[in-house]
Structure formats: C-alpha cells, structure tokens
file final.pdb (PDB, C-alpha atoms)
ATOM      1  CA  MET O   1     -43.789  83.383  -6.583  1.00  0.00           C
ATOM      2  CA  ALA O   2     -41.083  81.650  -8.578  1.00  0.00           C
ATOM      3  CA  SER O   3     -41.222  77.899  -8.932  1.00  0.00           C
ATOM      4  CA  ARG O   4     -39.074  75.835  -6.604  1.00  0.00           C
ATOM      5  CA  GLY O   5     -38.456  73.448  -9.495  1.00  0.00           C
ATOM      6  CA  THR O   6     -40.211  70.487 -11.036  1.00  0.00           C
ATOM      7  CA  CYS O   7     -41.227  67.288  -9.262  1.00  0.00           C
ATOM      8  CA  LEU O   8     -42.162  64.017 -10.930  1.00  0.00           C
ATOM      9  CA  VAL O   9     -44.895  61.926  -9.291  1.00  0.00           C
ATOM     10  CA  ILE O  10     -44.976  58.264 -10.384  1.00  0.00           C
ATOM     11  CA  GLU O  11     -48.202  56.873  -8.950  1.00  0.00           C
ATOM     12  CA  ASP O  12     -50.958  54.746 -10.500  1.00  0.00           C
ATOM     13  CA  ASP O  13     -53.755  55.671  -8.068  1.00  0.00           C
ATOM     14  CA  HIS O  14     -55.536  58.777  -9.371  1.00  0.00           C
ATOM     15  CA  ASP O  15     -56.590  60.065  -5.929  1.00  0.00           C
ATOM     16  CA  ILE O  16     -53.181  59.640  -4.303  1.00  0.00           C
ATOM     17  CA  ARG O  17     -51.431  61.118  -7.337  1.00  0.00           C
ATOM     18  CA  GLY O  18     -53.780  64.112  -7.075  1.00  0.00           C
ATOM     19  CA  LEU O  19     -53.076  64.525  -3.359  1.00  0.00           C
ATOM     20  CA  ILE O  20     -49.304  64.416  -3.891  1.00  0.00           C
ATOM     21  CA  ARG O  21     -49.644  66.879  -6.803  1.00  0.00           C
ATOM     22  CA  TYR O  22     -51.698  69.218  -4.613  1.00  0.00           C
ATOM     23  CA  ILE O  23     -49.195  69.102  -1.725  1.00  0.00           C
ATOM     24  CA  LEU O  24     -46.201  69.698  -3.994  1.00  0.00           C
ATOM     25  CA  ALA O  25     -47.921  72.490  -5.935  1.00  0.00           C
ATOM     26  CA  LYS O  26     -48.935  74.160  -2.660  1.00  0.00           C
ATOM     27  CA  GLU O  27     -45.243  74.097  -1.678  1.00  0.00           C
ATOM     28  CA  GLY O  28     -44.368  75.960  -4.888  1.00  0.00           C
ATOM     29  CA  PHE O  29     -43.297  73.149  -7.205  1.00  0.00           C
ATOM     30  CA  ASP O  30     -44.324  72.461 -10.774  1.00  0.00           C
ATOM     31  CA  VAL O  31     -45.530  68.864 -10.980  1.00  0.00           C
ATOM     32  CA  ARG O  32     -45.333  66.270 -13.738  1.00  0.00           C
ATOM     33  CA  GLU O  33     -47.118  62.954 -13.402  1.00  0.00           C
ATOM     34  CA  ALA O  34     -46.738  59.393 -14.628  1.00  0.00           C
ATOM     35  CA  MET O  35     -49.139  56.517 -14.031  1.00  0.00           C
ATOM     36  CA  PHE O  36     -46.750  53.799 -15.154  1.00  0.00           C
ATOM     37  CA  GLY O  37     -43.172  53.000 -14.245  1.00  0.00           C
ATOM     38  CA  ALA O  38     -41.984  52.997 -17.858  1.00  0.00           C
ATOM     39  CA  ASP O  39     -43.392  56.497 -18.393  1.00  0.00           C
ATOM     40  CA  GLY O  40     -41.798  57.624 -15.128  1.00  0.00           C
ATOM     41  CA  ILE O  41     -38.384  56.339 -16.184  1.00  0.00           C
ATOM     42  CA  LYS O  42     -38.641  58.299 -19.449  1.00  0.00           C
ATOM     43  CA  ALA O  43     -39.808  61.441 -17.633  1.00  0.00           C
ATOM     44  CA  ALA O  44     -36.948  61.157 -15.120  1.00  0.00           C
ATOM     45  CA  ALA O  45     -34.515  62.078 -17.894  1.00  0.00           C
ATOM     46  CA  GLU O  46     -35.861  65.648 -17.896  1.00  0.00           C
ATOM     47  CA  PRO O  47     -33.038  67.945 -16.749  1.00  0.00           C
ATOM     48  CA  ASP O  48     -35.145  70.308 -14.617  1.00  0.00           C
ATOM     49  CA  LEU O  49     -36.347  67.790 -12.002  1.00  0.00           C
ATOM     50  CA  VAL O  50     -35.591  68.484  -8.345  1.00  0.00           C
ATOM     51  CA  LEU O  51     -37.560  65.608  -6.732  1.00  0.00           C
ATOM     52  CA  ILE O  52     -39.194  62.322  -7.723  1.00  0.00           C
ATOM     53  CA  THR O  53     -41.831  60.333  -5.816  1.00  0.00           C
ATOM     54  CA  VAL O  54     -42.417  56.667  -6.676  1.00  0.00           C
ATOM     55  CA  ASP O  55     -45.004  54.103  -5.623  1.00  0.00           C
ATOM     56  CA  VAL O  56     -43.662  50.566  -5.204  1.00  0.00           C
ATOM     57  CA  GLY O  57     -46.857  48.898  -6.476  1.00  0.00           C
ATOM     58  CA  LEU O  58     -47.045  50.151 -10.056  1.00  0.00           C
ATOM     59  CA  PRO O  59     -49.068  48.234 -12.670  1.00  0.00           C
ATOM     60  CA  ASP O  60     -46.253  47.652 -15.179  1.00  0.00           C
ATOM     61  CA  ILE O  61     -42.903  47.636 -13.330  1.00  0.00           C
ATOM     62  CA  ASN O  62     -42.122  47.226  -9.637  1.00  0.00           C
ATOM     63  CA  GLY O  63     -41.327  50.644  -8.161  1.00  0.00           C
ATOM     64  CA  LEU O  64     -38.038  49.341  -6.756  1.00  0.00           C
ATOM     65  CA  ASP O  65     -36.929  48.502 -10.291  1.00  0.00           C
ATOM     66  CA  VAL O  66     -38.171  51.897 -11.482  1.00  0.00           C
ATOM     67  CA  ALA O  67     -36.076  53.607  -8.798  1.00  0.00           C
ATOM     68  CA  ALA O  68     -32.981  51.607  -9.749  1.00  0.00           C
ATOM     69  CA  LYS O  69     -33.384  52.608 -13.404  1.00  0.00           C
ATOM     70  CA  ILE O  70     -33.973  56.232 -12.419  1.00  0.00           C
ATOM     71  CA  ARG O  71     -30.754  56.145 -10.400  1.00  0.00           C
ATOM     72  CA  ASP O  72     -28.926  55.296 -13.655  1.00  0.00           C
ATOM     73  CA  ILE O  73     -30.331  58.523 -15.137  1.00  0.00           C
ATOM     74  CA  THR O  74     -30.317  61.078 -12.324  1.00  0.00           C
ATOM     75  CA  SER O  75     -29.297  61.654  -8.726  1.00  0.00           C
ATOM     76  CA  VAL O  76     -32.181  63.966  -7.730  1.00  0.00           C
ATOM     77  CA  PRO O  77     -33.795  63.041  -4.410  1.00  0.00           C
ATOM     78  CA  LEU O  78     -36.253  60.165  -4.717  1.00  0.00           C
ATOM     79  CA  VAL O  79     -39.003  59.418  -2.191  1.00  0.00           C
ATOM     80  CA  PHE O  80     -41.109  56.271  -2.052  1.00  0.00           C
ATOM     81  CA  VAL O  81     -44.779  56.816  -1.219  1.00  0.00           C
ATOM     82  CA  THR O  82     -46.234  53.343  -0.866  1.00  0.00           C
ATOM     83  CA  ALA O  83     -48.510  51.034   1.089  1.00  0.00           C
ATOM     84  CA  ARG O  84     -45.714  48.497   1.497  1.00  0.00           C
ATOM     85  CA  ALA O  85     -44.962  48.860   5.185  1.00  0.00           C
ATOM     86  CA  GLU O  86     -42.742  45.884   6.029  1.00  0.00           C
ATOM     87  CA  MET O  87     -39.248  46.717   7.232  1.00  0.00           C
ATOM     88  CA  SER O  88     -37.815  44.612   4.390  1.00  0.00           C
ATOM     89  CA  ASP O  89     -39.714  46.808   1.894  1.00  0.00           C
ATOM     90  CA  GLN O  90     -38.382  49.965   3.501  1.00  0.00           C
ATOM     91  CA  LEU O  91     -34.827  48.648   3.516  1.00  0.00           C
ATOM     92  CA  ALA O  92     -35.116  47.580  -0.129  1.00  0.00           C
ATOM     93  CA  GLY O  93     -36.435  51.031  -1.010  1.00  0.00           C
ATOM     94  CA  MET O  94     -33.650  52.833   0.775  1.00  0.00           C
ATOM     95  CA  ALA O  95     -31.084  50.492  -0.817  1.00  0.00           C
ATOM     96  CA  THR O  96     -32.067  51.891  -4.225  1.00  0.00           C
ATOM     97  CA  GLY O  97     -30.708  55.247  -3.112  1.00  0.00           C
ATOM     98  CA  ALA O  98     -34.020  56.739  -2.030  1.00  0.00           C
ATOM     99  CA  ALA O  99     -33.891  59.755   0.257  1.00  0.00           C
ATOM    100  CA  GLY O 100     -37.171  58.905   1.998  1.00  0.00           C
ATOM    101  CA  TYR O 101     -39.913  56.314   2.439  1.00  0.00           C
ATOM    102  CA  LEU O 102     -43.479  57.313   3.340  1.00  0.00           C
ATOM    103  CA  ILE O 103     -46.077  54.673   4.113  1.00  0.00           C
ATOM    104  CA  LYS O 104     -49.657  55.123   2.898  1.00  0.00           C
ATOM    105  CA  PRO O 105     -51.830  56.404   4.311  1.00  0.00           C
ATOM    106  CA  PHE O 106     -49.531  59.317   5.065  1.00  0.00           C
ATOM    107  CA  ARG O 107     -50.284  62.700   6.530  1.00  0.00           C
ATOM    108  CA  PRO O 108     -49.780  65.638   4.163  1.00  0.00           C
ATOM    109  CA  ALA O 109     -47.528  67.251   6.783  1.00  0.00           C
ATOM    110  CA  GLN O 110     -45.185  64.251   6.566  1.00  0.00           C
ATOM    111  CA  LEU O 111     -44.680  64.713   2.829  1.00  0.00           C
ATOM    112  CA  THR O 112     -44.395  68.490   3.204  1.00  0.00           C
ATOM    113  CA  SER O 113     -41.733  68.140   5.895  1.00  0.00           C
ATOM    114  CA  LEU O 114     -39.720  65.604   3.920  1.00  0.00           C
ATOM    115  CA  VAL O 115     -39.912  67.649   0.720  1.00  0.00           C
ATOM    116  CA  ASN O 116     -38.777  70.783   2.536  1.00  0.00           C
ATOM    117  CA  GLN O 117     -35.814  68.892   3.991  1.00  0.00           C
ATOM    118  CA  LEU O 118     -34.791  67.529   0.596  1.00  0.00           C
ATOM    119  CA  CYS O 119     -35.518  70.693  -1.397  1.00  0.00           C
ATOM    120  CA  PRO O 120     -35.066  73.654   0.943  1.00  0.00           C
ATOM    121  CA  GLN O 121     -37.017  76.767  -0.014  1.00  0.00           C
ATOM    122  CA  ASP O 122     -33.912  78.943   0.046  1.00  0.00           C
ATOM    123  CA  LYS O 123     -32.260  76.776  -2.607  1.00  0.00           C
ATOM    124  CA  VAL O 124     -32.972  78.257  -6.046  1.00  0.00           C
ATOM    125  CA  PRO O 125     -33.050  75.843  -9.032  1.00  0.00           C
ATOM    126  CA  THR O 126     -30.017  76.361 -11.296  1.00  0.00           C
ATOM    127  CA  ALA O 127     -32.177  77.358 -14.272  1.00  0.00           C
ATOM    128  CA  ALA O 128     -33.629  80.257 -12.267  1.00  0.00           C
ATOM    129  CA  VAL O 129     -30.240  81.771 -11.363  1.00  0.00           C
ATOM    130  CA  SER O 130     -29.490  84.951 -13.271  1.00  0.00           C
ATOM    131  CA  SER O 131     -26.424  84.968 -15.467  1.00  0.00           C
ATOM    132  CA  ASP O 132     -25.946  88.689 -14.788  1.00  0.00           C
ATOM    133  CA  VAL O 133     -23.181  88.556 -12.179  1.00  0.00           C
ATOM    134  CA  SER O 134     -22.647  92.332 -12.155  1.00  0.00           C
ATOM    135  CA  ALA O 135     -26.126  92.887 -10.669  1.00  0.00           C
ATOM    136  CA  ALA O 136     -25.075  90.988  -7.546  1.00  0.00           C
ATOM    137  CA  GLU O 137     -21.913  93.040  -7.074  1.00  0.00           C
TER     138      GLU O 137
END
call {"tool": "encode", "arguments": {"input": "final.pdb", "output": "structure tokens"}}
result
Amino acid sequence: MASRGTCLVIEDDHDIRGLIRYILAKEGFDVREAMFGADGIKAAAEPDLVLITVDVGLPDINGLDVAAKIRDITSVPLVFVTARAEMSDQLAGMATGAAGYLIKPFRPAQLTSLVNQLCPQDKVPTAAVSSDVSAAE
C-alpha cells in the first residue's frame, strides 16, 4: 500500500505520541515526531507533510504559539490534540487556523475520523503522482 503522505506529531508525552503515531500509521501515513515545539516548527518546513498534530502544553513553547509559527511556514491541516478543554482554549486553537481540536483523553476513532476528513484516502500526495501523462490516456 502506498503511503498517504507524511504527518508530523508534536507531542511531549511519550505514550500519547506513540498512540497518535500508531493511529496515523494504521491509516497509511508515514509519521515524524517532535517532542518540543521548536523541533516541531523546524520539522514543519518539510515539503512532504500532509497533516500536523500539536499539543498545546509543550515543555518549551506554548502549542498555540507553535501553531502560529507553523502557519507562517505551511498551510497543511493542523489538529490540536490537548488536555486543555475550556471553550476559550478551543477558540484560541481554532483562531490559529487549526482544522480540528481534540480533547484528551480522546477515542482513537475520533482522530481517525478527523484525519480521514482532512486527508481523504482517495487524495494522492503530489509526490506520488506519475509524471507519465500518456499512460493515463
């Protein structure tokens, strides 16, 4: 099965990062990981990303600030996965241009559903498209 593209998971908690990685990999994505916001911002510059998840409570930089800096770099869909459940947190997250906001603890099916909405399976990453146009004719 061909990859559906690469996702970046910015999460400091090892167990949650592993769960998100597992869910995304099971859905056919390649997964890169960052424990710190600064590392996530650098990794977000990679051209092959199709989705980014960010925790708000990162150890070095607030995830909202990370998302704002990522928005300066790329427009790929961004999803917050965080324990911050107040409506003001959700509104602040969505104001950064996020496409989704999941509250921990989340159900794997919630992340799977959101990811499949944002990155439909029938959408092939640009890098995987063949340049041989005559084969399609």
call {"tool": "resolve_selection", "arguments": {"input": "final.pdb", "expression": "the PyMOL selection byres ((chain O and resi 55) around 6)", "output": "ChimeraX atom specification"}}
result
/O:11,54,56-57,63,80-82
call {"tool": "atom_distance", "arguments": {"input": "final.pdb", "atom1": "CA of Leu78 (chain O)", "atom2": "CA of Val50 (chain O)"}}
result
9.1 Å
call {"tool": "axis_aligned_box", "arguments": {"input": "final.pdb", "around": "region 81-98 of chain O", "padding_each_side": "4 Å", "output": "lines of an AutoDock Vina configuration file"}}
result
center_x = -39.6
center_y = 50.7
center_z = 1.5
size_x = 25.8
size_y = 20.2
size_z = 19.5
call {"tool": "closest_residue", "arguments": {"input": "final.pdb", "among": "O:Gly28, O:Met35, O:Met87, O:Pro59", "to": "Asp15 (chain O)", "atoms": "all atoms listed in the file"}}
result
O:Met35
call {"tool": "resolve_selection", "arguments": {"input": "final.pdb", "expression": "the PyMOL selection byres ((chain O and resi 29) around 8)", "output": "list of chain:residue names"}}
result
O:Ser3, O:Arg4, O:Gly5, O:Thr6, O:Cys7, O:Leu24, O:Ala25, O:Lys26, O:Glu27, O:Gly28, O:Asp30, O:Val31
call {"tool": "residues_near_point", "arguments": {"input": "final.pdb", "point": "(-38.6, 52.5, 6.3)", "cutoff": "12 Å", "atoms": "all atoms listed in the file", "output": "compact mmCIF listing (two decimals) with C-alpha atoms, in the frame of the given file"}}
result
# COMPACT_ATOMS: atom_id res chain seq x y z
CA VAL O 79 -39.00 59.42 -2.19
CA PHE O 80 -41.11 56.27 -2.05
CA VAL O 81 -44.78 56.82 -1.22
CA THR O 82 -46.23 53.34 -0.87
CA ALA O 83 -48.51 51.03 1.09
CA ARG O 84 -45.71 48.50 1.50
CA ALA O 85 -44.96 48.86 5.18
CA GLU O 86 -42.74 45.88 6.03
CA MET O 87 -39.25 46.72 7.23
CA SER O 88 -37.82 44.61 4.39
CA ASP O 89 -39.71 46.81 1.89
CA GLN O 90 -38.38 49.96 3.50
CA LEU O 91 -34.83 48.65 3.52
CA ALA O 92 -35.12 47.58 -0.13
CA GLY O 93 -36.44 51.03 -1.01
CA MET O 94 -33.65 52.83 0.78
CA ALA O 95 -31.08 50.49 -0.82
CA ALA O 98 -34.02 56.74 -2.03
CA ALA O 99 -33.89 59.76 0.26
CA GLY O 100 -37.17 58.90 2.00
CA TYR O 101 -39.91 56.31 2.44
CA LEU O 102 -43.48 57.31 3.34
CA ILE O 103 -46.08 54.67 4.11
CA LYS O 104 -49.66 55.12 2.90
call {"tool": "atom_distance", "arguments": {"input": "final.pdb", "atom1": "CA of Glu46 (chain O)", "atom2": "CA of Leu19 (chain O)"}}
result
22.6 Å
call {"tool": "atom_distance", "arguments": {"input": "final.pdb", "atom1": "CA of Val9 (chain O)", "atom2": "CA of Ala38 (chain O)"}}
result
12.7 Å
call {"tool": "resolve_selection", "arguments": {"input": "final.pdb", "expression": "the PyMOL selection byres ((chain O and resi 69) around 12)", "output": "number ranges by chain"}}
result
O: 37-45, 54, 61-68, 70-75, 78, 96-97
